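Beneath this line is the structure, given in structure tokens, with notes to follow.
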Amino acid sequence: MTQETDLDGLIRQRIKGLRLARGWSLDTLAARCYLSPSTLSRIETGHRRIALDQLVPIARALGTTLDQLIESVDDDDVVIRPQRDQVRGVTTWMLSRERAPHGVTVAKMRVTPARPVGTAELGVHPGRDWFTVLSGTARLQLGERTILVEPGDAAEFSTMVPHAIGAHDGPVEILIILDHDGERAHLHPSDETPEQ
């Protein structure tokens, strides 16, 4: 089976599954999307090609969107694969696929002591950063201050203060929430201005 045939079968299953989950007969759904019951039956069983002009009213009648109805079954939209940056000693798992309405990104980061303490350049960007330590101890450098953040503790700070997040005495894993500027600074820094 090709990927297109697999997706076609999945769309048919979704239509039938959503219809049955609502307790609707073919006649009920057909009336709601202005198709004949026989057309709808042939769509669900694979005896008729699915046309886009039919999918839109079917999705609307089922209380879903066209995007959700035809969403791919590719594992890449389910499995989160880590991104490793050996130079900076950071492994990142992006936990939010698209920026949320308020412009935040959520990520899990594993930071190893890639550089000796004090050699990281401190970065500045607009906004605020927030993180919580899952394991290990994080070393938060805020200007001249060094703050150790232990497992279970969280930190929130103005990112207009020069800062860097690093590992203290071994690897640290953190869950971090960043706005757009924080994402760019911490997850996609340029080669000229590395930041922990």
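In the structure tokens, each chain is lettered A, B, ... as it comes, each chain's residues begin at 1, and ligands are numbered from 1 in order of appearance.
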
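Near Asp129 of chain A, within 7 Å and counting only C-alpha atoms, sit Glu156, Phe157, Ser158, Thr159, Ile177, Leu178 and Gly182 of chain A; same-chain residues fewer than 3 positions away were not included.
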
DSSP on the backbone, then: every residue of segment 12-182 of chain A marked strand (DSSP E), written as JSON, numbers by chain. {"A": [83, 84, 85, 90, 91, 92, 93, 94, 105, 106, 107, 108, 109, 110, 111, 128, 129, 130, 131, 132, 133, 134, 135, 136, 137, 138, 139, 140, 141, 142, 145, 146, 147, 148, 149, 154, 155, 156, 157, 158, 163, 164, 165, 166, 167, 168, 169, 170, 171, 172, 173, 174, 175, 176, 177, 178]}

Taking the backbone alone, and naming residues the way the document does, which bits of segment 46-195 of chain A are alpha helix (DSSP H) by DSSP, as a list in words? Leu52, Asp53, Gln54, Leu55, Val56, Pro57, Ile58, Ala59, Arg60, Ala61, Leu66, Asp67, Gln68, Leu69, His180, Asp181, Gly182, Glu183, Arg184, Ala185, His186 and Leu187 of chain A

Keeping N, CA and C atoms, export the residues of the selection given above as a short mmCIF file (atom, residue, chain, number, x, y, z; two decimals), in the first residue's frame.
```cif
data_model
loop_
_atom_site.label_atom_id
_atom_site.label_comp_id
_atom_site.auth_asym_id
_atom_site.auth_seq_id
_atom_site.Cartn_x
_atom_site.Cartn_y
_atom_site.Cartn_z
N LEU A 52 -12.56 16.69 -2.58
CA LEU A 52 -12.37 17.77 -1.62
C LEU A 52 -13.67 18.51 -1.34
N ASP A 53 -14.49 18.71 -2.38
CA ASP A 53 -15.74 19.43 -2.17
C ASP A 53 -16.73 18.63 -1.33
N GLN A 54 -16.48 17.33 -1.14
CA GLN A 54 -17.30 16.51 -0.24
C GLN A 54 -16.73 16.51 1.17
N LEU A 55 -15.40 16.56 1.29
CA LEU A 55 -14.76 16.49 2.60
C LEU A 55 -15.06 17.72 3.47
N VAL A 56 -15.13 18.88 2.87
CA VAL A 56 -15.36 20.10 3.64
C VAL A 56 -16.71 20.04 4.36
N PRO A 57 -17.84 19.73 3.66
CA PRO A 57 -19.11 19.66 4.40
C PRO A 57 -19.17 18.48 5.37
N ILE A 58 -18.50 17.37 5.05
CA ILE A 58 -18.47 16.22 5.97
C ILE A 58 -17.76 16.62 7.26
N ALA A 59 -16.58 17.26 7.13
CA ALA A 59 -15.82 17.68 8.30
C ALA A 59 -16.64 18.67 9.13
N ARG A 60 -17.28 19.63 8.48
CA ARG A 60 -18.09 20.63 9.19
C ARG A 60 -19.24 19.95 9.93
N ALA A 61 -19.92 19.00 9.28
CA ALA A 61 -21.04 18.31 9.91
C ALA A 61 -20.59 17.47 11.10
N LEU A 66 -11.13 20.29 8.26
CA LEU A 66 -10.56 19.53 7.15
C LEU A 66 -9.14 19.08 7.50
N ASP A 67 -8.36 19.98 8.13
CA ASP A 67 -6.99 19.65 8.51
C ASP A 67 -6.95 18.44 9.44
N GLN A 68 -7.85 18.41 10.43
CA GLN A 68 -7.86 17.29 11.37
C GLN A 68 -8.31 16.01 10.69
N LEU A 69 -9.22 16.13 9.74
CA LEU A 69 -9.73 14.95 9.05
C LEU A 69 -8.67 14.31 8.16
N HIS A 180 9.39 34.20 22.02
CA HIS A 180 10.08 34.16 20.72
C HIS A 180 11.55 34.55 20.82
N ASP A 181 11.84 35.63 21.54
CA ASP A 181 13.23 36.08 21.66
C ASP A 181 14.07 35.07 22.44
N GLY A 182 13.48 34.48 23.48
CA GLY A 182 14.19 33.46 24.26
C GLY A 182 14.47 32.22 23.44
N GLU A 183 13.50 31.82 22.62
CA GLU A 183 13.71 30.66 21.75
C GLU A 183 14.88 30.89 20.81
N ARG A 184 14.89 32.06 20.20
CA ARG A 184 15.97 32.39 19.27
C ARG A 184 17.32 32.40 19.96
N ALA A 185 17.36 32.95 21.18
CA ALA A 185 18.63 33.08 21.90
C ALA A 185 19.12 31.74 22.45
N HIS A 186 18.21 30.95 23.02
CA HIS A 186 18.64 29.72 23.69
C HIS A 186 18.63 28.49 22.80
N LEU A 187 17.72 28.44 21.84
CA LEU A 187 17.60 27.24 21.02
C LEU A 187 18.20 27.38 19.63
#
```

At a cut-off of 6 Å, using only C-alpha atoms, what residues contact segment 82-96 of chain A? Leave out same-chain residues fewer than 4 positions from it and give the result as a PyMOL selection string. chain A and resi 105-112+114

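Residue nearest Gln13 of chain A within the list A:Ile176, A:Val133, A:Ile43, A:Val161: A:Ile43 [criterion: smallest interatomic distance, only C-alpha atoms].
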
Which residues are close to segment 138-144 of chain A, i.e. within 6 Å by only C-alpha atoms, leaving aside same-chain residues fewer than 4 positions away? Reply as a compact mmCIF listing (two decimals) with N, CA and C atoms, in the first residue's frame.
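As a result, part.txt now contains:
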```txt
# COMPACT_ATOMS: atom_id res chain seq x y z
N LEU A 148 22.45 28.66 42.06
CA LEU A 148 22.29 27.23 41.82
C LEU A 148 20.82 26.87 42.01
N VAL A 149 20.25 26.22 41.01
CA VAL A 149 18.83 25.84 41.03
C VAL A 149 18.78 24.32 41.10
N PRO A 162 22.06 40.26 31.71
CA PRO A 162 22.93 39.29 31.04
C PRO A 162 22.86 37.95 31.78
N HIS A 163 22.62 36.86 31.01
CA HIS A 163 22.38 35.57 31.65
C HIS A 163 22.89 34.40 30.82
N ALA A 164 23.09 33.28 31.51
CA ALA A 164 23.44 32.01 30.87
C ALA A 164 22.97 30.90 31.80
N ILE A 165 22.51 29.80 31.21
CA ILE A 165 22.08 28.63 31.98
C ILE A 165 23.07 27.51 31.67
N GLY A 166 23.65 26.95 32.71
CA GLY A 166 24.62 25.88 32.52
C GLY A 166 24.42 24.76 33.53
N ALA A 167 25.29 23.78 33.45
CA ALA A 167 25.24 22.63 34.36
C ALA A 167 26.26 22.84 35.48
N HIS A 168 25.92 22.38 36.67
CA HIS A 168 26.80 22.48 37.82
C HIS A 168 27.09 21.08 38.33
N VAL A 172 22.55 18.44 33.77
CA VAL A 172 21.30 18.93 34.34
C VAL A 172 20.22 18.83 33.26
```

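One finds atom CA of Leu18 of chain A at 13.9 Å from atom CA of Ser41 of chain A.
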
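Coordinates place atom CA of Glu44 of chain A at a distance of 6.9 Å from atom CA of Ile15 of chain A.
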
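Atom CA of Glu173 of chain A lies 6.5 Å from atom CA of Gly136 of chain A.
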
Give me the residues within 9 Å of Arg19 of chain A as JSON, numbers by chain, counting only C-alpha atoms and dropping any in the same chain fewer than 4 places off. {"A": [14, 15, 23, 24, 25, 26, 28, 29, 62]}

Could the residues in this selection be saved with N, CA and C atoms as a PDB file, in the first residue's frame?
```
ATOM      1  N   ARG A  14     -11.808   7.657   9.778  1.00  0.00           N
ATOM      2  CA  ARG A  14     -12.118   8.784  10.648  1.00  0.00           C
ATOM      3  C   ARG A  14     -13.559   9.249  10.457  1.00  0.00           C
ATOM      4  N   ILE A  15     -13.991   9.324   9.203  1.00  0.00           N
ATOM      5  CA  ILE A  15     -15.368   9.750   8.939  1.00  0.00           C
ATOM      6  C   ILE A  15     -16.346   8.783   9.605  1.00  0.00           C
ATOM      7  N   GLY A  23     -23.225   8.581  17.356  1.00  0.00           N
ATOM      8  CA  GLY A  23     -24.459   7.794  17.343  1.00  0.00           C
ATOM      9  C   GLY A  23     -25.340   8.106  16.144  1.00  0.00           C
ATOM     10  N   TRP A  24     -24.726   8.584  15.061  1.00  0.00           N
ATOM     11  CA  TRP A  24     -25.487   8.983  13.893  1.00  0.00           C
ATOM     12  C   TRP A  24     -25.553   7.847  12.876  1.00  0.00           C
ATOM     13  N   SER A  25     -26.666   7.745  12.199  1.00  0.00           N
ATOM     14  CA  SER A  25     -26.796   6.819  11.073  1.00  0.00           C
ATOM     15  C   SER A  25     -26.217   7.494   9.831  1.00  0.00           C
ATOM     16  N   LEU A  26     -26.094   6.719   8.745  1.00  0.00           N
ATOM     17  CA  LEU A  26     -25.660   7.314   7.477  1.00  0.00           C
ATOM     18  C   LEU A  26     -26.638   8.400   7.046  1.00  0.00           C
ATOM     19  N   THR A  28     -28.462  10.364   8.900  1.00  0.00           N
ATOM     20  CA  THR A  28     -28.311  11.577   9.708  1.00  0.00           C
ATOM     21  C   THR A  28     -27.128  12.412   9.228  1.00  0.00           C
ATOM     22  N   LEU A  29     -25.970  11.760   9.059  1.00  0.00           N
ATOM     23  CA  LEU A  29     -24.796  12.510   8.591  1.00  0.00           C
ATOM     24  C   LEU A  29     -25.014  13.020   7.174  1.00  0.00           C
ATOM     25  N   LEU A  62     -19.369  16.939  11.036  1.00  0.00           N
ATOM     26  CA  LEU A  62     -18.843  16.108  12.123  1.00  0.00           C
ATOM     27  C   LEU A  62     -18.216  16.945  13.242  1.00  0.00           C
TER      28      LEU A  62
END
```
